[in-house]
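A.B. asks: query-v4.tsv is reproduced below (TSV, C-alpha atoms and all ligand atoms).
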chain	number	residue	atom	x	y	z
A	101	MET	CA	84.14	-144.56	60.51
A	102	LYS	CA	82.17	-142.90	57.72
A	103	GLU	CA	83.15	-144.88	54.63
A	104	PRO	CA	82.70	-148.61	54.14
A	105	SER	CA	86.07	-150.27	54.53
A	106	THR	CA	87.94	-151.99	51.70
A	107	HIS	CA	88.95	-155.58	52.31
A	108	PRO	CA	92.76	-155.93	51.90
A	109	GLN	CA	92.32	-158.63	49.25
A	110	ARG	CA	90.61	-156.09	46.99
A	111	LEU	CA	93.46	-153.61	47.06
A	112	ALA	CA	95.52	-153.08	43.90
A	113	GLU	CA	98.48	-150.90	43.00
A	114	GLY	CA	97.57	-147.22	42.79
A	115	ASP	CA	94.54	-147.52	45.09
A	116	ARG	CA	94.00	-144.87	47.78
A	117	PRO	CA	91.50	-146.50	50.13
A	118	ALA	CA	89.68	-144.33	52.67
A	119	ALA	CA	89.43	-147.24	55.08
A	120	ILE	CA	90.88	-150.76	55.21
A	121	GLY	CA	89.45	-153.64	57.20
A	122	PRO	CA	88.95	-155.93	58.85
A	123	VAL	CA	92.64	-156.31	59.70
A	124	LYS	CA	94.64	-157.35	62.72
A	125	VAL	CA	96.84	-154.60	64.16
A	126	PRO	CA	99.61	-155.34	66.71
A	127	GLU	CA	98.64	-154.21	70.24
A	128	TYR	CA	94.95	-153.72	69.26
A	129	PRO	CA	92.38	-156.36	70.27
A	130	GLY	CA	90.13	-157.95	67.63
A	131	PRO	CA	89.47	-156.98	64.01
A	132	GLN	CA	90.16	-153.30	63.24
A	133	VAL	CA	89.48	-150.76	60.53
A	134	ILE	CA	92.21	-148.29	59.57
A	135	SER	CA	90.91	-144.97	58.24
A	136	ILE	CA	93.20	-142.94	55.98
A	137	ARG	CA	92.96	-139.37	54.79
A	138	ARG	CA	95.45	-137.34	52.77
A	139	GLY	CA	98.22	-139.84	53.36
A	140	PHE	CA	97.77	-140.10	57.13
A	141	ILE	CA	96.14	-142.62	59.42
A	142	THR	CA	93.20	-140.78	60.97
A	143	GLU	CA	91.65	-143.54	63.02
A	144	ILE	CA	92.06	-147.17	64.04
A	145	GLN	CA	88.79	-148.54	65.34
A	146	PRO	CA	87.19	-151.92	66.01
A	147	PHE	CA	85.47	-153.33	62.91
A	148	PRO	CA	81.78	-152.42	63.31
A	149	ASP	CA	79.75	-155.18	64.82
A	150	ARG	CA	76.47	-154.80	62.94
A	151	LEU	CA	73.39	-156.44	64.42
A	152	GLY	CA	72.87	-159.97	63.22
A	153	ARG	CA	76.06	-160.07	61.16
A	154	SER	CA	79.22	-161.72	62.35
A	155	VAL	CA	82.52	-159.88	61.89
A	156	PRO	CA	84.59	-161.58	59.20
A	157	GLU	CA	87.91	-163.05	60.31
A	158	PRO	CA	90.75	-160.68	59.23
A	159	SER	CA	93.01	-162.12	56.53
A	160	HIS	CA	95.87	-159.66	57.01
A	161	LEU	CA	98.13	-158.34	59.74
A	162	ALA	CA	98.67	-154.58	59.33
A	163	MET	CA	102.17	-153.51	60.36
A	164	PRO	CA	104.19	-150.32	59.99
A	165	SER	CA	105.97	-150.50	56.63
A	166	PHE	CA	109.55	-151.67	56.92
A	167	ALA	CA	112.60	-149.41	56.93
A	168	GLU	CA	115.52	-151.46	55.63
A	169	PRO	CA	118.65	-150.01	57.27
A	170	HIS	CA	121.53	-151.81	55.56
A	171	LEU	CA	122.03	-152.97	51.96
A	172	HIS	CA	124.83	-153.16	49.41
A	173	PRO	CA	122.75	-152.44	46.30
A	174	ASP	CA	125.57	-152.24	43.75
A	175	ARG	CA	126.75	-155.75	44.64
A	176	ALA	CA	123.34	-157.46	44.81
A	177	TYR	CA	122.79	-160.47	42.52
A	178	VAL	CA	126.34	-160.59	41.14
A	179	GLY	CA	126.57	-164.13	42.49
A	180	SER	CA	129.63	-165.87	43.83
A	181	PRO	CA	131.76	-168.84	42.81
A	182	ARG	CA	131.27	-170.38	46.29
A	183	PRO	CA	129.96	-169.50	49.75
A	184	PRO	CA	132.30	-167.29	51.80
A	185	ARG	CA	134.69	-168.81	54.36
A	186	SER	CA	135.16	-165.57	56.28
A	187	LEU	CA	134.59	-161.85	55.92
A	188	ASP	CA	138.14	-161.40	54.62
A	189	ASP	CA	137.58	-164.19	52.11
A	190	ALA	CA	134.34	-162.53	50.91
A	191	ILE	CA	136.14	-159.19	50.52
A	192	GLU	CA	138.96	-160.85	48.58
A	193	VAL	CA	136.62	-162.72	46.21
A	194	GLY	CA	134.44	-159.61	45.87
A	195	ALA	CA	137.43	-157.56	44.76
A	196	ARG	CA	137.99	-159.80	41.73
A	197	PRO	CA	136.60	-158.45	38.44
A	198	GLU	CA	133.67	-160.92	38.51
A	199	GLY	CA	132.78	-159.80	42.06
A	200	TYR	CA	131.49	-156.48	40.80
A	201	ILE	CA	129.88	-155.91	37.39
A	202	ALA	CA	129.51	-152.19	36.72
A	203	ASP	CA	127.37	-152.44	33.57
A	204	THR	CA	124.44	-154.05	35.33
A	205	ALA	CA	124.66	-152.20	38.65
A	206	ALA	CA	121.60	-149.97	38.07
A	207	GLU	CA	119.42	-152.83	36.89
A	208	ARG	CA	120.44	-155.04	39.84
A	209	ALA	CA	119.94	-152.25	42.38
A	210	ARG	CA	116.46	-151.52	40.97
A	211	ARG	CA	115.62	-155.19	41.28
A	212	LEU	CA	116.78	-155.19	44.89
A	213	PHE	CA	114.81	-152.09	45.91
A	214	SER	CA	111.69	-153.29	44.03
A	215	THR	CA	111.90	-156.66	45.76
A	216	LEU	CA	112.09	-154.96	49.15
A	217	LEU	CA	109.16	-152.72	48.21
A	218	THR	CA	107.00	-155.73	47.32
A	219	ASN	CA	108.12	-157.26	50.60
A	220	GLY	CA	106.81	-154.28	52.56
A	221	ALA	CA	109.64	-151.73	52.81
A	222	THR	CA	109.08	-148.06	51.98
A	223	ARG	CA	112.52	-146.92	53.10
A	224	ALA	CA	115.96	-148.38	52.43
A	225	ARG	CA	119.57	-147.45	53.06
A	226	GLY	CA	122.34	-148.66	50.75
A	227	HIS	CA	126.11	-148.56	51.21
A	228	VAL	CA	127.77	-147.73	47.91
A	229	GLY	CA	131.50	-148.09	47.37
A	230	CYS	CA	133.11	-144.96	46.04
A	231	TYR	CA	136.66	-144.66	44.82
A	232	PRO	CA	138.86	-147.62	45.72
A	233	GLU	CA	140.97	-148.72	42.79
A	234	HIS	CA	139.72	-152.28	42.74
A	235	VAL	CA	136.22	-151.31	41.70
A	236	ALA	CA	135.02	-150.19	38.33
A	237	GLY	CA	133.58	-146.81	37.61
A	238	PRO	CA	131.88	-144.25	39.83
A	239	ARG	CA	129.00	-146.28	41.20
A	240	TRP	CA	127.39	-143.38	42.99
A	241	LYS	CA	126.15	-141.96	39.72
A	242	VAL	CA	124.00	-144.91	38.74
A	243	MET	CA	122.86	-145.44	42.33
A	244	GLY	CA	121.84	-141.77	42.50
A	245	GLU	CA	119.82	-142.27	39.33
A	246	VAL	CA	118.07	-145.33	40.76
A	247	ARG	CA	117.31	-143.35	43.94
A	248	GLU	CA	115.73	-140.62	41.84
A	249	GLN	CA	113.74	-143.03	39.66
A	250	MET	CA	112.20	-144.72	42.71
A	251	LYS	CA	111.53	-141.68	44.86
A	252	GLU	CA	107.74	-141.79	44.46
A	253	VAL	CA	107.49	-145.26	45.95
A	254	MET	CA	110.51	-145.56	48.25
A	255	GLU	CA	112.77	-143.27	50.23
A	256	ILE	CA	116.33	-144.39	49.52
A	257	GLU	CA	119.40	-143.15	51.39
A	258	LEU	CA	122.89	-143.73	50.02
A	259	VAL	CA	125.93	-144.10	52.25
A	260	ALA	CA	129.36	-143.27	50.82
A	261	PHE	CA	131.05	-146.54	51.74
A	262	ALA	CA	134.60	-145.24	52.04
A	263	VAL	CA	136.77	-148.34	52.24
A	264	VAL	CA	140.34	-149.37	51.36
A	265	ASP	CA	142.04	-146.45	53.08
A	266	THR	CA	140.13	-143.76	51.17
A	267	LEU	CA	139.41	-141.97	54.46
A	268	THR	CA	143.10	-141.36	55.10
A	269	ASP	CA	143.91	-140.29	51.54
A	270	ARG	CA	143.89	-136.54	51.17
A	271	GLU	CA	142.67	-136.45	47.56
A	272	GLU	CA	139.92	-138.98	48.23
A	273	THR	CA	138.67	-137.17	51.34
A	274	SER	CA	138.41	-133.89	49.49
A	275	ARG	CA	136.38	-135.67	46.79
A	276	LEU	CA	134.21	-137.20	49.51
A	277	HIS	CA	133.78	-133.77	51.08
A	278	ARG	CA	132.57	-132.38	47.77
A	279	ASP	CA	130.21	-135.30	47.06
A	280	LEU	CA	128.69	-135.15	50.54
A	281	SER	CA	128.31	-131.37	50.37
A	282	ILE	CA	126.34	-131.51	47.13
A	283	GLY	CA	124.13	-134.38	48.33
A	284	ARG	CA	125.41	-137.21	46.15
A	285	TYR	CA	125.41	-139.33	49.27
A	286	GLN	CA	123.21	-138.75	52.27
A	287	LEU	CA	125.58	-140.37	54.78
A	288	ILE	CA	129.25	-141.18	55.24
A	289	GLY	CA	130.43	-144.69	56.17
A	290	GLY	CA	133.24	-147.18	55.81
A	291	SER	CA	134.75	-150.23	57.45
A	292	PRO	CA	137.68	-148.91	59.50
A	293	ASN	CA	138.57	-152.29	61.02
A	294	HIS	CA	139.84	-153.17	57.53
A	295	ASP	CA	141.82	-149.96	56.95
A	296	SER	CA	145.53	-149.75	57.66
A	297	ARG	CA	145.07	-146.84	60.12
A	298	PRO	CA	141.66	-147.62	61.64
A	299	ARG	CA	141.58	-144.80	64.20
A	300	ASP	CA	142.59	-142.19	61.66
A	301	SER	CA	139.83	-143.47	59.35
A	302	ILE	CA	137.24	-143.04	62.10
A	303	SER	CA	138.45	-139.53	62.90
A	304	SER	CA	138.36	-138.60	59.23
A	305	MET	CA	134.82	-139.96	58.84
A	306	MET	CA	133.54	-138.08	61.89
A	307	GLU	CA	135.29	-134.91	60.73
A	308	LEU	CA	133.58	-135.19	57.32
A	309	ALA	CA	130.23	-135.56	59.12
A	310	VAL	CA	130.90	-132.43	61.17
A	311	ARG	CA	132.00	-130.41	58.14
A	312	THR	CA	129.22	-131.48	55.77
A	313	GLY	CA	126.33	-132.02	58.23
A	314	VAL	CA	125.59	-135.57	57.03
A	315	GLU	CA	124.98	-138.53	59.34
A	316	VAL	CA	127.37	-141.46	59.83
A	317	ASP	CA	126.68	-145.18	59.33
A	318	VAL	CA	129.87	-147.12	59.91
A	319	HIS	CA	130.57	-150.87	59.66
A	320	ILE	CA	132.28	-151.33	63.00
A	321	ASP	CA	133.83	-154.27	64.79
A	322	GLU	CA	132.64	-156.77	62.20
A	323	THR	CA	135.12	-159.15	63.78
A	324	LEU	CA	135.35	-161.47	66.78
A	325	ASP	CA	138.92	-160.50	67.71
A	326	PRO	CA	138.91	-158.36	70.90
A	327	ALA	CA	142.31	-156.92	69.93
A	328	ARG	CA	140.60	-155.14	67.01
A	329	LEU	CA	137.97	-153.37	69.12
A	330	LEU	CA	137.30	-149.87	67.73
A	331	MET	CA	133.91	-149.06	69.21
A	332	ASP	CA	135.31	-147.37	72.33
A	333	PHE	CA	137.43	-145.06	70.20
A	334	ALA	CA	134.50	-144.34	67.86
A	335	LEU	CA	132.33	-143.43	70.88
A	336	ASP	CA	135.04	-141.02	72.10
A	337	GLU	CA	134.98	-139.39	68.66
A	338	VAL	CA	131.16	-139.12	68.59
A	339	GLU	CA	131.30	-137.51	72.03
A	340	SER	CA	134.14	-135.07	71.43
A	341	ARG	CA	132.78	-133.94	68.05
A	342	ARG	CA	129.25	-133.61	69.42
A	343	LEU	CA	127.68	-135.98	66.92
A	344	GLU	CA	125.09	-137.30	69.37
A	345	GLY	CA	122.04	-138.79	67.62
A	346	ARG	CA	123.67	-138.68	64.19
A	347	VAL	CA	125.61	-141.95	64.16
A	348	SER	CA	124.71	-145.57	63.41
A	349	PHE	CA	127.02	-148.51	64.08
A	350	SER	CA	126.49	-151.44	61.72
A	351	HIS	CA	127.28	-155.08	62.60
A	352	CYS	CA	129.06	-154.74	66.00
A	353	CYS	CA	129.79	-158.51	65.88
A	354	LEU	CA	132.52	-158.18	68.49
A	355	LEU	CA	129.91	-157.32	71.13
A	356	SER	CA	128.96	-161.00	71.00
A	357	ALA	CA	132.49	-162.02	72.04
A	358	LEU	CA	133.31	-159.54	74.82
A	359	PRO	CA	132.67	-160.11	78.55
A	360	GLU	CA	129.17	-159.07	79.62
A	361	GLN	CA	130.32	-156.17	81.82
A	362	GLN	CA	132.32	-154.61	79.02
A	363	THR	CA	129.45	-155.12	76.55
A	364	ARG	CA	126.96	-153.48	78.92
A	365	SER	CA	129.20	-150.51	79.54
A	366	LEU	CA	129.67	-149.97	75.78
A	367	ALA	CA	125.89	-150.36	75.33
A	368	ARG	CA	125.23	-147.70	78.00
A	369	ARG	CA	127.62	-145.30	76.30
A	370	MET	CA	125.89	-145.97	72.97
A	371	ALA	CA	122.48	-145.31	74.50
A	372	GLY	CA	123.75	-142.06	76.03
A	373	LEU	CA	125.10	-140.85	72.70
A	374	GLY	CA	121.97	-141.82	70.74
A	375	ILE	CA	123.76	-144.42	68.62
A	376	THR	CA	121.60	-146.76	66.52
A	377	VAL	CA	122.92	-150.29	66.08
A	378	ASN	CA	122.13	-152.02	62.78
A	379	CYS	CA	122.40	-155.81	63.05
A	380	GLN	CA	122.51	-158.03	60.02
A	381	PRO	CA	121.79	-161.54	61.36
A	382	ARG	CA	122.05	-163.34	58.03
A	383	THR	CA	125.55	-162.24	57.03
A	384	ASN	CA	126.78	-162.20	60.65
A	385	LEU	CA	125.84	-165.87	60.94
A	386	ILE	CA	127.38	-166.79	57.59
A	387	LEU	CA	130.65	-164.88	57.61
A	388	HIS	CA	132.16	-165.84	60.94
A	389	GLU	CA	133.57	-169.00	62.55
A	390	TYR	CA	133.42	-171.23	59.49
A	391	ARG	CA	134.65	-174.70	60.43
A	392	VAL	CA	135.24	-173.66	64.05
A	393	HIS	CA	134.16	-176.18	66.68
A	394	SER	CA	131.54	-174.55	68.98
A	395	PRO	CA	131.32	-171.40	66.85
A	396	ARG	CA	130.38	-168.04	68.34
A	397	ARG	CA	127.63	-166.72	66.10
A	398	ALA	CA	128.78	-163.10	65.69
A	399	LEU	CA	125.35	-161.61	66.26
A	400	ALA	CA	125.35	-158.48	68.42
A	401	PRO	CA	123.38	-159.10	71.66
A	402	ILE	CA	120.11	-157.54	70.53
A	403	ASN	CA	118.12	-157.89	73.77
A	404	LEU	CA	120.99	-156.66	75.95
A	405	LEU	CA	121.37	-153.59	73.73
A	406	ILE	CA	117.64	-152.81	73.87
A	407	ASP	CA	117.61	-153.38	77.66
A	408	GLU	CA	120.37	-150.77	77.98
A	409	GLY	CA	118.40	-148.27	75.88
A	410	VAL	CA	120.09	-148.65	72.48
A	411	HIS	CA	117.98	-148.35	69.32
A	412	VAL	CA	118.44	-151.58	67.35
A	413	ARG	CA	117.52	-152.04	63.70
A	414	LEU	CA	117.69	-155.23	61.62
A	415	GLY	CA	119.01	-155.23	58.08
A	416	VAL	CA	119.24	-157.57	55.08
A	417	ASP	CA	122.84	-156.61	54.15
A	418	ASN	CA	124.23	-158.55	51.18
A	419	VAL	CA	122.06	-160.39	48.67
A	420	ASP	CA	123.43	-163.08	46.35
A	421	ASP	CA	127.01	-161.84	46.22
A	422	THR	CA	130.39	-162.95	47.53
A	423	PHE	CA	129.34	-162.09	51.11
A	424	CYS	CA	126.01	-163.91	51.11
A	425	PRO	CA	124.82	-166.56	48.65
A	426	PHE	CA	121.07	-166.15	49.28
A	427	PRO	CA	118.93	-164.19	46.78
A	428	THR	CA	116.10	-163.28	49.18
A	429	ALA	CA	115.76	-159.65	50.27
A	430	ASP	CA	113.03	-159.83	52.85
A	431	THR	CA	112.79	-157.89	56.09
A	432	LEU	CA	110.57	-160.59	57.58
A	433	GLU	CA	113.25	-163.20	56.94
A	434	VAL	CA	115.71	-161.05	58.88
A	435	GLY	CA	113.17	-160.72	61.69
A	436	TYR	CA	112.78	-164.50	61.71
A	437	LEU	CA	116.56	-164.94	62.00
A	438	ALA	CA	116.73	-162.41	64.83
A	439	ARG	CA	113.93	-164.23	66.64
A	440	VAL	CA	115.60	-167.62	66.19
A	441	ALA	CA	119.29	-166.69	66.57
A	442	GLY	CA	118.93	-163.65	68.82
A	443	HIS	CA	115.92	-164.71	70.95
A	444	LEU	CA	114.12	-161.52	69.99
A	445	TYR	CA	110.77	-162.82	71.25
A	446	ASP	CA	109.12	-159.55	72.19
A	447	ASP	CA	106.75	-158.53	69.37
A	448	ALA	CA	106.98	-154.77	69.97
A	449	ARG	CA	110.79	-154.90	70.02
A	450	LEU	CA	110.92	-157.01	66.90
A	451	ILE	CA	108.50	-154.89	64.88
A	452	SER	CA	110.32	-151.70	66.04
A	453	SER	CA	113.62	-153.11	64.84
A	454	LEU	CA	112.14	-153.69	61.37
A	455	SER	CA	110.29	-150.39	61.10
A	456	ASP	CA	112.68	-147.74	62.44
A	457	GLY	CA	111.16	-147.66	65.90
A	458	ARG	CA	107.44	-148.04	65.09
A	459	SER	CA	106.04	-151.00	67.04
A	460	THR	CA	102.50	-150.68	65.66
A	461	LEU	CA	100.26	-148.32	63.67
A	462	ARG	CA	98.94	-145.18	65.34
A	463	SER	CA	96.50	-142.53	64.22
A	464	GLY	CA	98.16	-139.27	63.26
A	465	GLU	CA	101.13	-141.07	61.64
A	466	LYS	CA	101.81	-141.25	57.93
A	467	ALA	CA	99.93	-144.11	56.29
A	468	ASP	CA	103.09	-146.11	55.52
A	469	LEU	CA	102.11	-149.67	56.16
A	470	THR	CA	102.39	-153.23	55.01
A	471	LEU	CA	99.54	-155.69	55.08
A	472	VAL	CA	100.83	-159.24	55.48
A	473	GLU	CA	98.53	-162.17	54.75
A	474	ALA	CA	99.01	-163.81	58.15
A	475	ASN	CA	97.19	-164.25	61.45
A	476	THR	CA	100.13	-163.78	63.79
A	477	LEU	CA	103.60	-162.25	63.74
A	478	ASN	CA	105.20	-165.71	63.99
A	479	GLU	CA	103.20	-166.83	60.97
A	480	ALA	CA	104.31	-163.70	59.07
A	481	LEU	CA	107.97	-164.23	60.04
A	482	SER	CA	108.17	-167.91	59.21
A	483	ILE	CA	105.84	-168.26	56.20
A	484	ARG	CA	106.61	-164.81	54.75
A	485	PRO	CA	103.44	-164.66	52.64
A	486	GLY	CA	102.33	-162.06	50.08
A	487	ARG	CA	101.99	-158.43	51.10
A	488	ILE	CA	100.45	-155.11	50.16
A	489	THR	CA	102.73	-152.12	50.65
A	490	MET	CA	101.31	-148.61	51.15
A	491	ARG	CA	103.17	-145.34	51.23
A	492	ASN	CA	101.44	-142.06	52.10
A	493	GLY	CA	98.10	-143.88	51.86
A	494	VAL	CA	98.71	-145.18	48.30
A	495	VAL	CA	99.20	-148.85	47.42
A	496	VAL	CA	102.71	-148.89	45.90
A	497	ALA	CA	103.19	-152.65	45.57
A	498	SER	CA	101.30	-155.88	46.08
A	499	GLY	CA	102.03	-159.56	45.63
A	500	SER	CA	104.88	-161.78	46.61
A	501	ASN	CA	108.44	-162.47	45.48
A	601	ZN	ZN	127.39	-154.17	55.15
Could you show the structure in this file as C-alpha cells?
Ligand SMILES: [Zn+2]
C.D. replies:
Amino acid sequence: MKEPSTHPQRLAEGDRPAAIGPVKVPEYPGPQVISIRRGFITEIQPFPDRLGRSVPEPSHLAMPSFAEPHLHPDRAYVGSPRPPRSLDDAIEVGARPEGYIADTAAERARRLFSTLLTNGATRARGHVGCYPEHVAGPRWKVMGEVREQMKEVMEIELVAFAVVDTLTDREETSRLHRDLSIGRYQLIGGSPNHDSRPRDSISSMMELAVRTGVEVDVHIDETLDPARLLMDFALDEVESRRLEGRVSFSHCCLLSALPEQQTRSLARRMAGLGITVNCQPRTNLILHEYRVHSPRRALAPINLLIDEGVHVRLGVDNVDDTFCPFPTADTLEVGYLARVAGHLYDDARLISSLSDGRSTLRSGEKADLTLVEANTLNEALSIRPGRITMRNGVVVASGSN
C-alpha cells in the first residue's frame, strides 16, 4: 500500500479514493485496506500495524455492491387501498385506473432506483409492462429515459413484461420483436401462469429470445397449485431451443409446495441448463395463503436450490403498490427476510445472492462496492444502517434512506 488510506466516514459523493480503510471484508481476517486504481480493486491487504500505534477498529463492512434482480419500477409508490389478499387480488386491484398512474411513472421509477443506489445497489433489473389494454400509455419510453439518465451511476436492465396474453397475440409479438431488436428492452419476460394459453406463451417468449438474442426473465409458477406447474415445460423449451445460460426464473413459489424428490429433480435440471432463480421473499410471503390455517410460505427452497447447483438471487420486487404495501427498497432487508424465512445462514451464499454471485471483494475486480456501517453481516441485515456506494471506484451515493 503506497497511499495513506481514507477512512470510510470521510468519503463523500464524487470521491475517487486510492485506498479505503480500515474496513472489515467478508472472508478476510482483521481490519483491511482496499486499494483502488482506475476503477478496479488492485489490492486488499491487512491495515498496516505501525509500531506503537494500535489499529483503529473498522466502522464499516465492505461488501460487493448489490445487483437488484427484480423490480417493478413503473408501479413503485402508487400505493394501494388495502393490503393484497392474494396474487390474483393484487393483479385485479392493480389493473384499476388508480393502480397505475402514467404521469408520475418516471419520477417514481427514479425515486426507486435512487433509493436502491443509496442502499448499495449499482445494478438493477426492472420488469416493465408493455401493451396490455388495461394500462395507460407506452411505459417503456419513460423507463428507457430513466435508464439513460441514470447510466453513470447505475446499470439498469429493462424486461419487457409481456402479460395478459400479449405473447400469443400476433400483432403484439411482432411489436415485441421490433422493440427487443432495437434494444428498447434488454430482456423478454411475462407471467405465463396467468395467460389463457400458458404453454404457448412460454414458447412464444423463448422464440422471441432466440430470434432477437435477448435473455429471458420469466415470472414462473408464482402459485402454490401443483396443477399449474409450468417449470418442467419451460425447461424443455430452454433445452430444445438451446437457451442454456440465458434464462432466469423469477418467484418459483410452487417449488415450496412440491414433494422434495420432484423439487430436487427440477433443481438439477435448472442447474444443468444454467438457469438463475430470482426469489422475492417479501412479496412471496405477503401474497400467498392469506387467512389459511398453517400457511405454506411460498418461498422457493433457497438452500436446496443452491445445494443442487442453481444460481439464486434475491430481489425486492414490488414497492408500495397493490402487490406489496411496504415502501422500503433495500437489498439488505431482502437478505434479512431470506435469512429468517429461508434459513439462508451461510454468509457467502447470502452475499452472493445479493450481489450476482460475488461473495466478497477480490483484487482484479471492478471497484463496485458498498460500505455498510456495521460490524457483522447480521448487524447489517437487521439494523440496515447508512451506506456508501461506489461504482468503478467512484463514490456514487452515501447516506441512508
Ligand atoms: Zn415480479
A.B. asks: Show me a table, sorted first by chain and then by increasing residue number, of the residues of chain A having an atom at most 8 Å from ligand ZN 601 (chain A), each with its shortest atom pair and the distance in Å to one decimal, counting all atoms listed in the file and written as CSV.
C.D. replies:
residue,atom,partner,partner_atom,distance
A:His170,CA,A:ZN601,ZN,6.3
A:Leu171,CA,A:ZN601,ZN,6.4
A:His172,CA,A:ZN601,ZN,6.4
A:His227,CA,A:ZN601,ZN,7.0
A:His319,CA,A:ZN601,ZN,6.4
A:Ser350,CA,A:ZN601,ZN,7.2
A:His351,CA,A:ZN601,ZN,7.5
A:Gln380,CA,A:ZN601,ZN,7.9
A:Asp417,CA,A:ZN601,ZN,5.3
A:Asn418,CA,A:ZN601,ZN,6.7
A.B. asks: Of the candidates A:Leu335, A:Leu471, A:Leu444, A:Leu454, which one gets nearest to Pro122 (chain A) if we count all atoms listed in the file?
C.D. replies: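 With all atoms listed in the file as the atom set, the closest residue is A:Leu471.
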A.B. asks: Of the candidates A:Ser291, A:Ser154, A:His160, A:Met306, which shows the shortest atom-to-atom distance to Gly121 (chain A), using all atoms listed in the file?
C.D. replies: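 Selected residue with least distance to Gly121 (chain A): A:His160.
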A.B. asks: Neighbours of region 262-278 of chain A within 7 Å (only C-alpha atoms; same-chain residues fewer than 4 positions away dropped), as a list in words?
C.D. replies: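 Residues meeting the cut-off are Gly229, Cys230, Pro232, Ile282, Gly289, Gly290, Ser291, Asp295, Ser296, Asp300, Ser301, Ser304, Met305, Leu308 and Thr312 of chain A.
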A.B. asks: Please compute the CA of Ala467 (chain A)-CA of Tyr436 (chain A) distance, one decimal, in Å.
C.D. replies: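 Taking CA of Ala467 (chain A) as the start and CA of Tyr436 (chain A) as the end point, the length is 24.7 Å.
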A.B. asks: Starting from the incomplete input, reconstruct N, CA and C atoms of region 157-176 of chain A and write that as an mmCIF file, in the frame of the given file.
C.D. replies:
data_model
loop_
_atom_site.group_PDB
_atom_site.id
_atom_site.type_symbol
_atom_site.label_atom_id
_atom_site.label_comp_id
_atom_site.auth_asym_id
_atom_site.auth_seq_id
_atom_site.Cartn_x
_atom_site.Cartn_y
_atom_site.Cartn_z
ATOM 1 N N GLU A 157 86.557 -162.834 59.765
ATOM 2 C CA GLU A 157 87.910 -163.050 60.310
ATOM 3 C C GLU A 157 88.925 -162.272 59.448
ATOM 4 N N PRO A 158 89.775 -161.434 60.045
ATOM 5 C CA PRO A 158 90.750 -160.680 59.230
ATOM 6 C C PRO A 158 91.729 -161.618 58.526
ATOM 7 N N SER A 159 92.051 -161.293 57.281
ATOM 8 C CA SER A 159 93.010 -162.120 56.530
ATOM 9 C C SER A 159 94.433 -161.563 56.633
ATOM 10 N N HIS A 160 94.548 -160.308 57.048
ATOM 11 C CA HIS A 160 95.870 -159.660 57.010
ATOM 12 C C HIS A 160 96.239 -159.038 58.360
ATOM 13 N N LEU A 161 97.559 -159.035 58.586
ATOM 14 C CA LEU A 161 98.130 -158.340 59.740
ATOM 15 C C LEU A 161 98.683 -157.016 59.211
ATOM 16 N N ALA A 162 98.221 -155.901 59.805
ATOM 17 C CA ALA A 162 98.670 -154.580 59.330
ATOM 18 C C ALA A 162 99.825 -154.105 60.211
ATOM 19 N N MET A 163 100.978 -153.920 59.601
ATOM 20 C CA MET A 163 102.170 -153.510 60.360
ATOM 21 C C MET A 163 102.698 -152.200 59.799
ATOM 22 N N PRO A 164 103.516 -151.484 60.585
ATOM 23 C CA PRO A 164 104.190 -150.320 59.990
ATOM 24 C C PRO A 164 105.060 -150.809 58.835
ATOM 25 N N SER A 165 105.125 -150.047 57.745
ATOM 26 C CA SER A 165 105.970 -150.500 56.630
ATOM 27 C C SER A 165 107.415 -150.580 57.127
ATOM 28 N N PHE A 166 108.200 -151.412 56.452
ATOM 29 C CA PHE A 166 109.550 -151.670 56.920
ATOM 30 C C PHE A 166 110.518 -150.582 56.459
ATOM 31 N N ALA A 167 111.524 -150.344 57.291
ATOM 32 C CA ALA A 167 112.600 -149.410 56.930
ATOM 33 C C ALA A 167 113.891 -150.222 56.927
ATOM 34 N N GLU A 168 114.329 -150.601 55.754
ATOM 35 C CA GLU A 168 115.520 -151.460 55.630
ATOM 36 C C GLU A 168 116.775 -150.608 55.875
ATOM 37 N N PRO A 169 117.558 -150.924 56.922
ATOM 38 C CA PRO A 169 118.650 -150.010 57.270
ATOM 39 C C PRO A 169 120.007 -150.315 56.640
ATOM 40 N N HIS A 170 120.153 -151.463 55.932
ATOM 41 C CA HIS A 170 121.530 -151.810 55.560
ATOM 42 C C HIS A 170 121.590 -152.745 54.351
ATOM 43 N N LEU A 171 121.907 -152.166 53.197
ATOM 44 C CA LEU A 171 122.030 -152.970 51.960
ATOM 45 C C LEU A 171 123.343 -152.626 51.264
ATOM 46 N N HIS A 172 123.724 -153.482 50.320
ATOM 47 C CA HIS A 172 124.830 -153.160 49.410
ATOM 48 C C HIS A 172 124.286 -153.293 47.988
ATOM 49 N N PRO A 173 123.540 -152.276 47.534
ATOM 50 C CA PRO A 173 122.750 -152.440 46.300
ATOM 51 C C PRO A 173 123.584 -152.639 45.031
ATOM 52 N N ASP A 174 124.796 -152.096 44.991
ATOM 53 C CA ASP A 174 125.570 -152.240 43.750
ATOM 54 C C ASP A 174 126.177 -153.636 43.606
ATOM 55 N N ARG A 175 126.211 -154.394 44.689
ATOM 56 C CA ARG A 175 126.750 -155.750 44.640
ATOM 57 C C ARG A 175 125.670 -156.817 44.467
ATOM 58 N N ALA A 176 124.414 -156.457 44.765
ATOM 59 C CA ALA A 176 123.340 -157.460 44.810
ATOM 60 C C ALA A 176 123.258 -158.257 43.510
#
